[in-house]
Amino acid sequence: MYHTLLNSPVSAETQMLLPTVETMVGVLYFGLFAISFDFISGYTGYLSFGHAVFYGTGAYTVILIANGKLPLLGPGTPFMLSLLVGGLIAIALAILVGLVSFRLSGVYFAMITLGFAQVFYVFVRGWDYVATNPRDGPAVGPSHAEGFQIGAPGIDQLSLSIGVLTGDEVALLGSTLSGTEVSYYMIGLVVLVCYFAMQRVIHSPFGRVMIAVRENEERAVAIGYNTYLYKLGAFAISGFFAAVAGGLFAGFKRSASPENSFYFLVTGDALLASIIGGFGTLAGSLYGHLFDETVREFLSKAGQGGGLLPYLRALLGQETLDATLVGETTIGGLIDLLLNGHASLYVGLVFVLFVLYVPDGLLGTLRARVGGTFADALPAKLWGDSE
Amino acid sequence: MLRTQGLTKEFGGLVAVDSVDFELDAELCSLIGPNGAGKTTFFNLLTGSLSPTEGTVELRRNGTWEDITNVSPHETASKGIHRSYQVTNVFPNSTVLENVRVAEQAHSDDATTFWRNVDRYEEFTERAWAILDRVGLSHRAEDLASTLSHGAKRKLEVAIALAGDPAVLLLDEPNAGVSSESVDEIRDLIEAVAEDYPVLLVEHNMDIVMGVSDRVVVLHQGAVIADGPPADVRANPDVQSAYLGGYEPGSLDDDTTAVGSDPDSEEGTA
Amino acid sequence: VSDDSSMTEQDDSDGGMTDSSTNGGSGGGSTQTVSIGVLQPRAGDLKYYGDQALWGFLSGLAYKGETDPPADPGSGELTITAGDTEYRLLIRDTEFSADTAQTAATNLVENEDVDMLAGCASSAVASRVVTTVVNQAQVPIMLGPAASADITSNAETCSDLVYRASENTAMDARSGGKYVARETDVSSVYLFGADYSFGRAVVNNYRDVLESEGVDIVGERFVEQGYAEWEGLLDNAEEAGAEGVVGGFTVATLPAMFNAFLSGEYSYRVFGGFATRITNSVVGGTMQSVLGEPLTEEKIRNSRLGPFTTRYHWNQYDNPINDAFVESYTNAYGVVPDLFTAGTFTGASAIHQAIQESGSTEGADIADALKGMTVTDTPKGENGYTFQEYNNQARSAMTVANPIPTTDEWADNWGAAIMPGEPLARIGADETTIPQDSDQMGCSL
Amino acid sequence: MSLLELDGVHTYYGDSHILEGVDLSVEAGEVVALAGRNGVGKTTTLRTILQLTPPREGSITFRDESLVGLETHEVASRGVGWIPEDRRIFGQLTVEENLRAAIPDPDDVASGLQLAFDSFPILEERRGQDAGTLSGGQQQMLAIARGLVGDNDLLLVDEPSEGLAPQIVADVAEALSKASEDMTMLLVEQNLPLALDLADRFYILDKGRVVDDGDTAAVTADDERFRRYLSA
Amino acid sequence: MILEALAEFLTLGELGGVIVNGLAKSALYVMIASGLTLIFGLMGVLNFAHGSLTMVGAYLGGLLMVVTVTGGTAPITRLGLFFIAIVVVFALLTVLGGAIETTIIRPLYDRPPIYQILLTFGLTLVIEEIVRIVLGIYDLQPLSDWQAALATKPQFLREPVALGPVSAGWLSLFQILLGTITVVSIWAFLTKTRYGLYIRAGSEDTEMASALGIDVRQVFTVVFALGIGLAGAAGTLLMWDPTWGASVPLAAETLLPAFIVVIVGGLGTFRGTVVAALVVGMADAVTTWWFQNVIEFTGLPELVLFLVLVVTLIVRPQGLFGVEEVGGH
Ligand SMILES: Nc1ncnc2c1ncn2[C@@H]1O[C@H](COP(=O)(O)OP(=O)(O)OP(=O)(O)O)[C@@H](O)[C@H]1O
Ligand SMILES: Nc1ncnc2c1ncn2[C@@H]1O[C@H](COP(=O)(O)OP(=O)(O)OP(=O)(O)O)[C@@H](O)[C@H]1O
Ligand SMILES: CC(C)C[C@H](N)C(=O)O
Ligand SMILES: [Mg+2]
Ligand SMILES: [Mg+2]
């Protein structure tokens, strides 16, 4: 699909608009993180502002295991098991943090979880054990030079390696899928499974209580729910999937840093994604992140995924670019000044507009338009097509 | 069913509930009294939403009295004390059916199940439908609770309380703000419900109180000033002056306090 | 290395590239193309590092092709022809971030099929790219100006694919540190460093050199990059009896440190590596406001800043290559080359030399040819740099100089109030790097 | 033309229809009582006049100018004051600050405070105390005083005697009756003797409509009409 | 070792220095946080853009100083110009704040508070990028402190001053002075002026205040504008402090501490904010001392604030001076 478009007459436009496969892989695992954030924040109404701590936990666990730094688990531990271990550690962490934090609500809850996460962030940044230079974060070392395998652990026929450089290549129906594309499908598979798992929880009796807590916690208590325990449970589940997302990220990238895993702005990106996609819609977060990434990439510099800038340059031609506007500013200079590396500006503007005019987000609005039921059936279909 | 001994609640210097000894049998008992008499506070003490300054609350289960003073609200609810609220307090962005269904689900062992779809638990849904039928809301089942009219919301309040499979039902002004046409419906509903459960009813509409109650208790400045069959209470001169008849200084508050909310006091839940 | 069939080529010339480069070696006269992925910060705080490094690299190729260096290309694609070789440079912004660099490098290797990589200004970025991309994809890299000595002296990162012409922190320590230990009265030193690879490398290298020269290390502290509350720390160094202080920092931290040092009254001197133009302009500015204008050599000497090692500054070398380099560079970019620039110039020069010698544009062949090479054309003179076989780090001479007020000649193109003076000492290439038998050398190739 | 005139006013809270066509008028200089059982819409009528809960239908004119669509502070600055039923004093402000907040013209502050302190001496004693720490009755006095000190032509008074001990009710009655000498009042009061004493005319509200009205001089608290609408 | 260090810490000279340093830090924290508190206290809007506006204030203040100060400007003139710069920046940002409130915050009042948080979060992205673009035009480094602005500081502010056995920096004393002036003026504004009275009344009960003829909406605009103005003034002060300095990351660097101070103090109480600023400032100064003299963990200075936050909330979930939510119906 991607290729067809790229080879078609509108290839320049296509390349400008479509994110690259690498970006799409990022959309998948970070989308999963955003979904897990939405799971707790959008469904119970408790803004988990320190959610990045779970993402980071998952990522670091995978790398530490691969580097043989986690007791009992050698570098040869199957990736799927590492993901699970990361998730379990995150559950433990979520329960610890949650025990204290769920005594609070509203802004105070958001702030105390943020506080905890930042404590972990600073700690991980200074912990020599995780990497020679913990400030820069760990990377998968030579003890695990091969790619991380997704599939049935131990059965090679049913597993494929991920990673741009380490991924397996697969010949399929006459065309070959590159390592990145294989990663896309394999990670997509895990994300899909996780998404359905969370979807399942939301539609379970437990999930309905989460919604009841968001809608009216006082009343939920009055009809007999010990909401404290439900919130803790939801937090643990959400932490688990956030860690899986982090693990996928580390497995694909083969490195992590405190800034791109534990830092509070990572949570900020998840928040952005869920708002744009639709708070409390689960799948919306993924579309929200896709949207965010597409805009960013569209506006990013030449050579880092194509985008508007090189397209405009090519379209306008050198003469137009060199034409001067006022003083010494050329059109090219102006375009460069306004576009080059300033994607955040436009993402911010889009975001502000969303808050003001599309408060329900992409998916929320769509669902409201089309009616509630379609959303249950459609995600699976859309997922297959989203490349 | 439910009894209190010396139940007292003070807010700062204000004694909102003043050593109340009260016992509810299998009956429809009304609790009346001027605004600010302490009726809602009394409810909050029974359900554990507030803890008393002094005194005890006990619930009879399986023939023995169990002390439930200071037990948290979700536990009193799971022990069977269910209430409707004076100020509508439902799950606004859930459907009417879901409001009742989630309350149904609360007292089942499957409430914590997170791997099975709710739709598999048809029994909850069926019972929720039955309750909606009973309160006359089944035609609105699929609508969001926030879109209901005031009167319909009052019915939903009762429905949610009923869904708890109560041992005791506490109804706090189910008629508050209900237009006259609907008053009769709710009144019928109360009477019907009282056939099945012991009911403690707070109500300002004297037509209803006098018409449906087996017994009326009058609260004034936190204390019980009369207790007996409706006719007796109505004739009681203290009650006449404190509540039914002429004005008597001392009632501190009015029912609109709770309603005229200050937008700034809303704490973000997000 | 990777399979072409998965690629999404849209440009025919790319498709033909593989052919021409394989033919290139044999077919005399026809040009051959080599594509190099260049990773440097092209925006943000440390863009200046990227500028100097990239411009140096471009100047190196231009020198070889006997043309003028091209105007600053920003990021994107650029072609330079030198002799019969066409260099297709794919320049990517690293934002000084390891993540961005890793992504960009992965992309270059996987999707653009580059023959080799060049660059990385931050040591953190360099180690990340080496571990996750170079070793993984077996594509060689010409590192620089990332300066942590560790990268070429640690078994984890050093390899037959990793070359560095640029000078490193051990070279700073082995020239400047030694000079201070031997030629000044400093006998006790307090070491400060940024809490990441570069700062740790600086501290380790200086500790090593100074201790072996009999200097006492009276204290060592690491702080976050950008730390600004220097007073207390500098006081501690004073209390610890330090006669000298070294700071292993980048421009993110140095100005605050120098400011605090100049504003306080400390009895020790600060020495280390001679910094970039940015730091010089900040420190110069502070000196002007603390010591009063105009600055004189005398005033600067009394401020106890220096002497500093310079890896390379434009005015430290007097030879035809350097003269041509400084001139064409100043013309093209409006500033003089500074400490990062000679190393990357040499890197480019070495790559061209390797292609000439091997007659191939395959990454592996270039790497082979680089092994043990003595680079002919370098700003430090003919044959100024030699790649050491045991770790693929180039050794080159270093100088030690004091800061002096910027002379009128350079005022326009240096733009800072202070600049390096005449070299106080020159340290020969064979003394600057970590020897093969040192216990500091964890690399033996 | 009357000072205040309501014509066919309909007001809702969300979906609940509270006022179902209220018509009433108040002449300059009069005191008019508004009576009715709990929850019939008395308070809502006052809130509607103030545009705190704007009407969905009907007209409200004050001195021949329509109030509908104005902001509450604009209504207030046209000379309409309010003594709300649930006191609504500013708990974190001192007694004096509560009063100052109600006096628009800084030049009137001294005389305004004097007026308040004369009516309720206890307030002068407590002028520096945070109003939230006053007893309920004292808070009620403060709320009334705050209505009196404003530069108002029409005062909307909602259950001023609520929660006050009998002797203070007398103070309140006196203060209000003194104020009524140069202020028009629309008074909601459950204490019928007090209401009848203060008011010249009365309206009785039931289920959001005016069902009766007349001169207070002609009726007593035992009047059949009051019995019907005001007690069970 | 620890005991030895403790003994040294407790000497008059060291402890006194830490206290002065702590007060100076508290003064900065209170400057950073008071605008945030003001806006939250009245309007319930948690302004995520506060840090960005502080950063804008730092650059504007720096610009004014860089343009007016030359090498030869006398120290006292520099101080005078600095005060003028603070006032001008305050005024400019107040206008900006007013514009922001009327155009984009106002439509959100009847939505749940999270939307205001989100909106101001988006605003942050926009403001920061705009600043980056402008800095790009003037070729300034967005990530490092603007040295030219720092250099406009008179020399004596860099020097230490002896207060008996205690050695403190003139800069610290200057900051304590400005912090005190700010606290006193806000306090006076809130308690002594009519407008302050209106603000406090409006924040307690919007309906009642408007029924007394107060234009609460206008009050909201003014408060938001003033809060932003304060953010700007704080930025100008930070611009002269080498620990902060004008740079784009100043936005994030000030936002988190400001949040922490406001939350620790209890949302919306000015008194709480002042006390919390003192607590946080002192904690900061104390850990700085321990970090510089004893403990080598580089993350320590950053950790303090968050530890203060977490510990406070564990002990007192509503903050030091926050009101506990009143029980249900
Ligand atoms: N959380 C609280 N804090 C302080 N005072 C309270 C609190 N809750 C109730 N009160 C006071 O206690 C008294 C009794 O209130 P309660 O709500 O029980 O009255 P009620 O009988 O239900 O009146 P109504 O008929 O108006 O509903 C009132 O004066 C009220 O102001
Ligand atoms: N904010 C609100 N939202 C919904 N309904 C309300 C609101 N405020 C009041 N009501 C309802 O409107 C009706 C009229 O209330 P109002 O306060 O005007 O009565 P009232 O005549 O003043 O009664 P009282 O004598 O008890 O003060 C009541 O049924 C009340 O429950
Ligand atoms: C000051 C510079 C020599 C430091 C270098 N950019 C590094 O991080 O390695
Ligand atoms: Mg009540
Ligand atoms: Mg009323």
# chains A, B, ... in the order shown; residues from 1 in each chain; ligands from 1
>>> closest_atom_pairs(of="chain A", to="chain B", cutoff="7 Å", atoms="only C-alpha atoms", output="CSV")
residue,atom,partner,partner_atom,distance
A:Gly45,CA,B:Ala270,CA,4.3
A:Tyr46,CA,B:Ala270,CA,5.2
A:Leu47,CA,B:Ala270,CA,5.5
A:Ser105,CA,B:Thr269,CA,6.4
A:Gly106,CA,B:Thr269,CA,4.4
A:Val107,CA,B:Gly268,CA,6.5
A:Arg200,CA,B:Trp115,CA,6.2
A:Val201,CA,B:Phe114,CA,4.9
A:His203,CA,B:Asn117,CA,5.4
A:Ser204,CA,B:Asn117,CA,4.5
A:Pro205,CA,B:Val118,CA,5.3
A:Phe206,CA,B:Thr112,CA,4.9
A:Gly207,CA,B:Phe114,CA,6.7
A:Arg208,CA,B:Val102,CA,6.8
A:Val209,CA,B:Val102,CA,7.0
A:Ala212,CA,B:Phe91,CA,6.5
A:Glu215,CA,B:Phe91,CA,5.1
A:Asn216,CA,B:Phe91,CA,5.5
A:Arg219,CA,B:Asn89,CA,6.6
A:Val221,CA,B:His74,CA,4.8
A:Ala222,CA,B:His74,CA,5.5
A:Ile223,CA,B:Ala77,CA,5.6
A:Gly224,CA,B:His74,CA,4.0
A:Tyr225,CA,B:His74,CA,5.3
A:Asn226,CA,B:His74,CA,5.6
>>> select_by_dssp(residues="region 32-160 of chain C", states="strand (DSSP E or B)", output="number ranges by chain")
C: 32-40, 76-82, 85-93, 116-119, 141-143
>>> write_last_selection(atoms="C-alpha atoms", output="tab-separated table (two decimals), in the first residue's frame")
chain	number	residue	atom	x	y	z
C	32	GLN	CA	32.82	7.05	-8.58
C	33	THR	CA	30.32	8.07	-5.95
C	34	VAL	CA	30.54	7.55	-2.25
C	35	SER	CA	27.72	8.47	0.05
C	36	ILE	CA	28.46	9.57	3.56
C	37	GLY	CA	25.93	10.21	6.29
C	38	VAL	CA	27.00	13.21	8.32
C	39	LEU	CA	25.60	13.54	11.85
C	40	GLN	CA	25.98	16.92	13.52
C	76	GLY	CA	19.97	17.82	3.67
C	77	GLU	CA	21.93	16.63	0.70
C	78	LEU	CA	25.07	18.06	-0.80
C	79	THR	CA	27.51	16.81	-3.40
C	80	ILE	CA	31.20	17.66	-3.51
C	81	THR	CA	33.56	16.35	-6.13
C	82	ALA	CA	37.18	15.74	-5.38
C	85	THR	CA	35.26	10.88	-6.57
C	86	GLU	CA	31.87	12.37	-6.02
C	87	TYR	CA	30.90	12.74	-2.36
C	88	ARG	CA	27.21	12.58	-1.73
C	89	LEU	CA	26.80	13.97	1.75
C	90	LEU	CA	23.55	13.33	3.59
C	91	ILE	CA	23.61	15.76	6.45
C	92	ARG	CA	21.36	15.12	9.43
C	93	ASP	CA	20.64	17.15	12.52
C	116	MET	CA	29.91	5.27	5.84
C	117	LEU	CA	29.02	7.71	8.58
C	118	ALA	CA	30.83	10.76	9.86
C	119	GLY	CA	30.34	13.08	12.79
C	141	ILE	CA	32.25	5.88	11.03
C	142	MET	CA	34.66	8.79	11.14
C	143	LEU	CA	33.89	10.18	14.59
>>> residues_near_ligand(ligand="ligand 3", cutoff="10 Å", atoms="only C-alpha atoms and all ligand atoms", output="ChimeraX atom specification")
/C:46,49-50,96,120-126,144-149,151,167-169,172,194,196-199,201-202,247-254,273-276,279,311,339-340
>>> write_last_selection(atoms="N, CA and C atoms", output="short mmCIF file (atom, residue, chain, number, x, y, z; two decimals), in the first residue's frame")
data_model
loop_
_atom_site.label_atom_id
_atom_site.label_comp_id
_atom_site.auth_asym_id
_atom_site.auth_seq_id
_atom_site.Cartn_x
_atom_site.Cartn_y
_atom_site.Cartn_z
N LEU C 46 23.66 23.83 20.63
CA LEU C 46 25.03 23.49 20.28
C LEU C 46 25.24 23.43 18.78
N TYR C 49 28.72 23.94 17.55
CA TYR C 49 29.61 22.78 17.47
C TYR C 49 29.47 22.12 16.10
N GLY C 50 28.21 21.95 15.71
CA GLY C 50 27.94 21.31 14.44
C GLY C 50 28.48 22.12 13.28
N PHE C 96 21.97 17.33 19.10
CA PHE C 96 22.81 17.00 20.24
C PHE C 96 22.14 15.95 21.12
N CYS C 120 29.17 13.33 14.85
CA CYS C 120 28.77 13.26 16.25
C CYS C 120 29.62 14.22 17.09
N ALA C 121 28.93 15.23 17.64
CA ALA C 121 29.64 16.24 18.42
C ALA C 121 29.63 15.91 19.90
N SER C 122 28.65 15.14 20.30
CA SER C 122 28.58 14.83 21.72
C SER C 122 29.05 13.40 21.94
N SER C 123 29.80 13.22 23.00
CA SER C 123 30.32 11.89 23.28
C SER C 123 29.19 10.91 23.57
N ALA C 124 28.14 11.42 24.19
CA ALA C 124 27.00 10.56 24.49
C ALA C 124 26.39 10.08 23.18
N VAL C 125 26.25 11.01 22.26
CA VAL C 125 25.67 10.67 20.97
C VAL C 125 26.56 9.67 20.24
N ALA C 126 27.87 9.93 20.29
CA ALA C 126 28.81 9.07 19.59
C ALA C 126 28.73 7.63 20.10
N GLY C 144 33.77 12.48 15.27
CA GLY C 144 34.33 13.77 15.61
C GLY C 144 33.28 14.85 15.51
N PRO C 145 33.39 15.87 16.33
CA PRO C 145 34.44 16.15 17.30
C PRO C 145 34.15 15.62 18.71
N ALA C 146 33.24 14.66 18.86
CA ALA C 146 32.99 14.12 20.19
C ALA C 146 34.34 13.73 20.79
N ALA C 147 34.58 14.12 22.04
CA ALA C 147 35.96 14.14 22.50
C ALA C 147 36.27 13.14 23.61
N SER C 148 35.28 12.45 24.12
CA SER C 148 35.59 11.53 25.21
C SER C 148 36.60 10.48 24.75
N ALA C 149 37.71 10.41 25.46
CA ALA C 149 38.78 9.49 25.07
C ALA C 149 38.27 8.06 25.13
N ILE C 151 35.77 6.59 24.03
CA ILE C 151 35.19 5.96 22.85
C ILE C 151 36.24 5.14 22.09
N GLU C 167 40.75 15.28 17.98
CA GLU C 167 41.48 15.14 19.23
C GLU C 167 40.52 14.76 20.35
N ASN C 168 41.06 14.10 21.38
CA ASN C 168 40.18 13.68 22.47
C ASN C 168 40.63 14.21 23.83
N THR C 169 39.85 13.90 24.83
CA THR C 169 40.09 14.47 26.15
C THR C 169 41.41 13.98 26.75
N ASP C 172 43.97 16.21 25.54
CA ASP C 172 43.97 17.47 26.32
C ASP C 172 44.79 17.29 27.57
N ALA C 194 31.21 17.43 34.15
CA ALA C 194 29.79 17.24 33.90
C ALA C 194 29.48 15.76 34.07
N TYR C 196 28.35 13.25 32.71
CA TYR C 196 28.07 12.33 31.59
C TYR C 196 29.39 11.97 30.95
N SER C 197 29.32 11.21 29.89
CA SER C 197 30.55 10.60 29.38
C SER C 197 31.69 11.58 29.20
N PHE C 198 31.40 12.74 28.61
CA PHE C 198 32.47 13.68 28.32
C PHE C 198 33.14 14.17 29.62
N GLY C 199 32.31 14.63 30.56
CA GLY C 199 32.86 15.17 31.81
C GLY C 199 33.62 14.10 32.58
N ALA C 201 35.08 11.54 31.30
CA ALA C 201 36.32 11.25 30.59
C ALA C 201 37.37 12.30 30.93
N VAL C 202 36.97 13.56 30.92
CA VAL C 202 37.93 14.63 31.22
C VAL C 202 38.54 14.39 32.60
N GLY C 247 37.88 22.02 34.74
CA GLY C 247 36.45 21.79 34.56
C GLY C 247 36.17 21.08 33.26
N GLY C 248 35.60 19.91 33.34
CA GLY C 248 35.26 19.17 32.12
C GLY C 248 33.83 19.44 31.73
N PHE C 249 33.61 20.55 31.04
CA PHE C 249 32.25 20.94 30.70
C PHE C 249 32.16 21.45 29.27
N THR C 250 30.94 21.56 28.80
CA THR C 250 30.72 22.21 27.51
C THR C 250 30.25 23.63 27.77
N VAL C 251 29.90 24.26 26.71
CA VAL C 251 29.46 25.65 26.79
C VAL C 251 28.18 25.79 27.62
N ALA C 252 27.51 24.66 27.90
CA ALA C 252 26.31 24.74 28.72
C ALA C 252 26.64 25.07 30.17
N THR C 253 27.84 24.78 30.60
CA THR C 253 28.19 24.96 32.00
C THR C 253 29.36 25.93 32.21
N LEU C 254 30.29 25.91 31.25
CA LEU C 254 31.52 26.68 31.44
C LEU C 254 31.30 28.17 31.77
N GLY C 273 41.13 22.66 28.75
CA GLY C 273 41.18 22.78 27.30
C GLY C 273 40.72 24.16 26.85
N PHE C 274 41.37 24.68 25.81
CA PHE C 274 40.94 25.97 25.28
C PHE C 274 39.62 25.77 24.55
N ALA C 275 38.66 26.60 24.91
CA ALA C 275 37.30 26.30 24.50
C ALA C 275 36.92 26.94 23.17
N THR C 276 35.65 26.79 22.83
CA THR C 276 35.11 27.32 21.59
C THR C 276 34.99 28.83 21.63
N THR C 279 32.31 30.08 24.25
CA THR C 279 32.76 30.19 25.63
C THR C 279 33.75 31.36 25.76
N ARG C 311 43.45 22.05 21.13
CA ARG C 311 43.47 20.91 20.20
C ARG C 311 43.89 21.41 18.84
N LEU C 339 38.56 24.84 17.62
CA LEU C 339 39.16 23.58 18.05
C LEU C 339 38.58 22.31 17.42
N PHE C 340 37.31 22.37 16.95
CA PHE C 340 36.73 21.16 16.39
C PHE C 340 37.10 20.96 14.93
#
>>> select_by_dssp(residues="region 296-340 of chain C", states="alpha helix (DSSP H)", output="list in words")
Glu297, Glu298, Lys299, Ile300, Arg301, Asn302, Pro320, Ile321, Asn322, Asp323, Ala324, Phe325, Val326, Glu327, Ser328, Tyr329, Thr330, Asn331, Ala332 and Tyr333 of chain C
>>> residues_around(residues="Ala246 (chain E)", least_positions_apart="6", cutoff="6 Å", atoms="only C-alpha atoms", output="NGL selection string")
:E and (58-59 or 145-146 or 239)
>>> write_last_selection(atoms="all heavy atoms", output="PDB file, in the first residue's frame")
ATOM      1  N   ALA E  58      11.665  37.071  31.233  1.00  0.00           N
ATOM      2  CA  ALA E  58      13.115  37.120  31.397  1.00  0.00           C
ATOM      3  C   ALA E  58      13.761  37.719  30.148  1.00  0.00           C
ATOM      4  O   ALA E  58      14.642  38.581  30.238  1.00  0.00           O
ATOM      5  CB  ALA E  58      13.661  35.718  31.649  1.00  0.00           C
ATOM      6  N   TYR E  59      13.290  37.284  28.977  1.00  0.00           N
ATOM      7  CA  TYR E  59      13.885  37.813  27.747  1.00  0.00           C
ATOM      8  C   TYR E  59      13.545  39.284  27.544  1.00  0.00           C
ATOM      9  O   TYR E  59      14.396  40.080  27.162  1.00  0.00           O
ATOM     10  CB  TYR E  59      13.431  36.995  26.533  1.00  0.00           C
ATOM     11  CG  TYR E  59      14.295  35.782  26.318  1.00  0.00           C
ATOM     12  CD1 TYR E  59      13.820  34.504  26.521  1.00  0.00           C
ATOM     13  CD2 TYR E  59      15.627  35.931  25.924  1.00  0.00           C
ATOM     14  CE1 TYR E  59      14.628  33.389  26.336  1.00  0.00           C
ATOM     15  CE2 TYR E  59      16.446  34.829  25.736  1.00  0.00           C
ATOM     16  CZ  TYR E  59      15.944  33.561  25.938  1.00  0.00           C
ATOM     17  OH  TYR E  59      16.751  32.475  25.765  1.00  0.00           O
ATOM     18  N   ASP E 145      21.835  30.336  28.889  1.00  0.00           N
ATOM     19  CA  ASP E 145      21.433  31.609  29.467  1.00  0.00           C
ATOM     20  C   ASP E 145      21.937  32.769  28.623  1.00  0.00           C
ATOM     21  O   ASP E 145      23.036  32.728  28.077  1.00  0.00           O
ATOM     22  CB  ASP E 145      22.013  31.734  30.881  1.00  0.00           C
ATOM     23  CG  ASP E 145      21.422  30.682  31.790  1.00  0.00           C
ATOM     24  OD1 ASP E 145      20.432  30.052  31.386  1.00  0.00           O
ATOM     25  OD2 ASP E 145      21.963  30.496  32.887  1.00  0.00           O
ATOM     26  N   TRP E 146      21.141  33.788  28.564  1.00  0.00           N
ATOM     27  CA  TRP E 146      21.500  34.945  27.767  1.00  0.00           C
ATOM     28  C   TRP E 146      22.534  35.771  28.524  1.00  0.00           C
ATOM     29  O   TRP E 146      22.221  36.514  29.438  1.00  0.00           O
ATOM     30  CB  TRP E 146      20.249  35.766  27.473  1.00  0.00           C
ATOM     31  CG  TRP E 146      20.462  36.848  26.477  1.00  0.00           C
ATOM     32  CD1 TRP E 146      21.535  37.020  25.657  1.00  0.00           C
ATOM     33  CD2 TRP E 146      19.560  37.914  26.187  1.00  0.00           C
ATOM     34  NE1 TRP E 146      21.362  38.125  24.866  1.00  0.00           N
ATOM     35  CE2 TRP E 146      20.153  38.688  25.174  1.00  0.00           C
ATOM     36  CE3 TRP E 146      18.311  38.287  26.684  1.00  0.00           C
ATOM     37  CZ2 TRP E 146      19.538  39.820  24.650  1.00  0.00           C
ATOM     38  CZ3 TRP E 146      17.707  39.406  26.164  1.00  0.00           C
ATOM     39  CH2 TRP E 146      18.312  40.167  25.149  1.00  0.00           C
ATOM     40  N   MET E 239      16.372  36.731  35.374  1.00  0.00           N
ATOM     41  CA  MET E 239      17.313  37.003  34.291  1.00  0.00           C
ATOM     42  C   MET E 239      18.683  37.398  34.842  1.00  0.00           C
ATOM     43  O   MET E 239      19.707  37.148  34.205  1.00  0.00           O
ATOM     44  CB  MET E 239      16.659  38.094  33.439  1.00  0.00           C
ATOM     45  CG  MET E 239      17.431  38.671  32.331  1.00  0.00           C
ATOM     46  SD  MET E 239      18.354  40.134  32.774  1.00  0.00           S
ATOM     47  CE  MET E 239      17.227  41.353  33.322  1.00  0.00           C
TER      48      MET E 239
END
>>> atom_distance(atom1="CA of Lys192 (chain E)", atom2="CA of Gly229 (chain E)")
19.7 Å
>>> residues_around(residues="Gly214 (chain D)", least_positions_apart="4", cutoff="7 Å", atoms="only C-alpha atoms", output="PDB file with N, CA, C and O atoms, in the first residue's frame")
ATOM      1  N   ARG D 201     -48.386  45.280  50.785  1.00  0.00           N
ATOM      2  CA  ARG D 201     -49.185  44.376  49.978  1.00  0.00           C
ATOM      3  C   ARG D 201     -48.523  43.008  49.986  1.00  0.00           C
ATOM      4  O   ARG D 201     -47.384  42.861  50.394  1.00  0.00           O
ATOM      5  N   PHE D 202     -49.274  41.993  49.513  1.00  0.00           N
ATOM      6  CA  PHE D 202     -48.653  40.671  49.457  1.00  0.00           C
ATOM      7  C   PHE D 202     -49.057  39.972  48.165  1.00  0.00           C
ATOM      8  O   PHE D 202     -50.071  40.317  47.539  1.00  0.00           O
ATOM      9  N   TYR D 203     -48.193  39.038  47.761  1.00  0.00           N
ATOM     10  CA  TYR D 203     -48.524  38.104  46.684  1.00  0.00           C
ATOM     11  C   TYR D 203     -48.343  36.711  47.255  1.00  0.00           C
ATOM     12  O   TYR D 203     -47.414  36.481  48.029  1.00  0.00           O
TER      13      TYR D 203
END
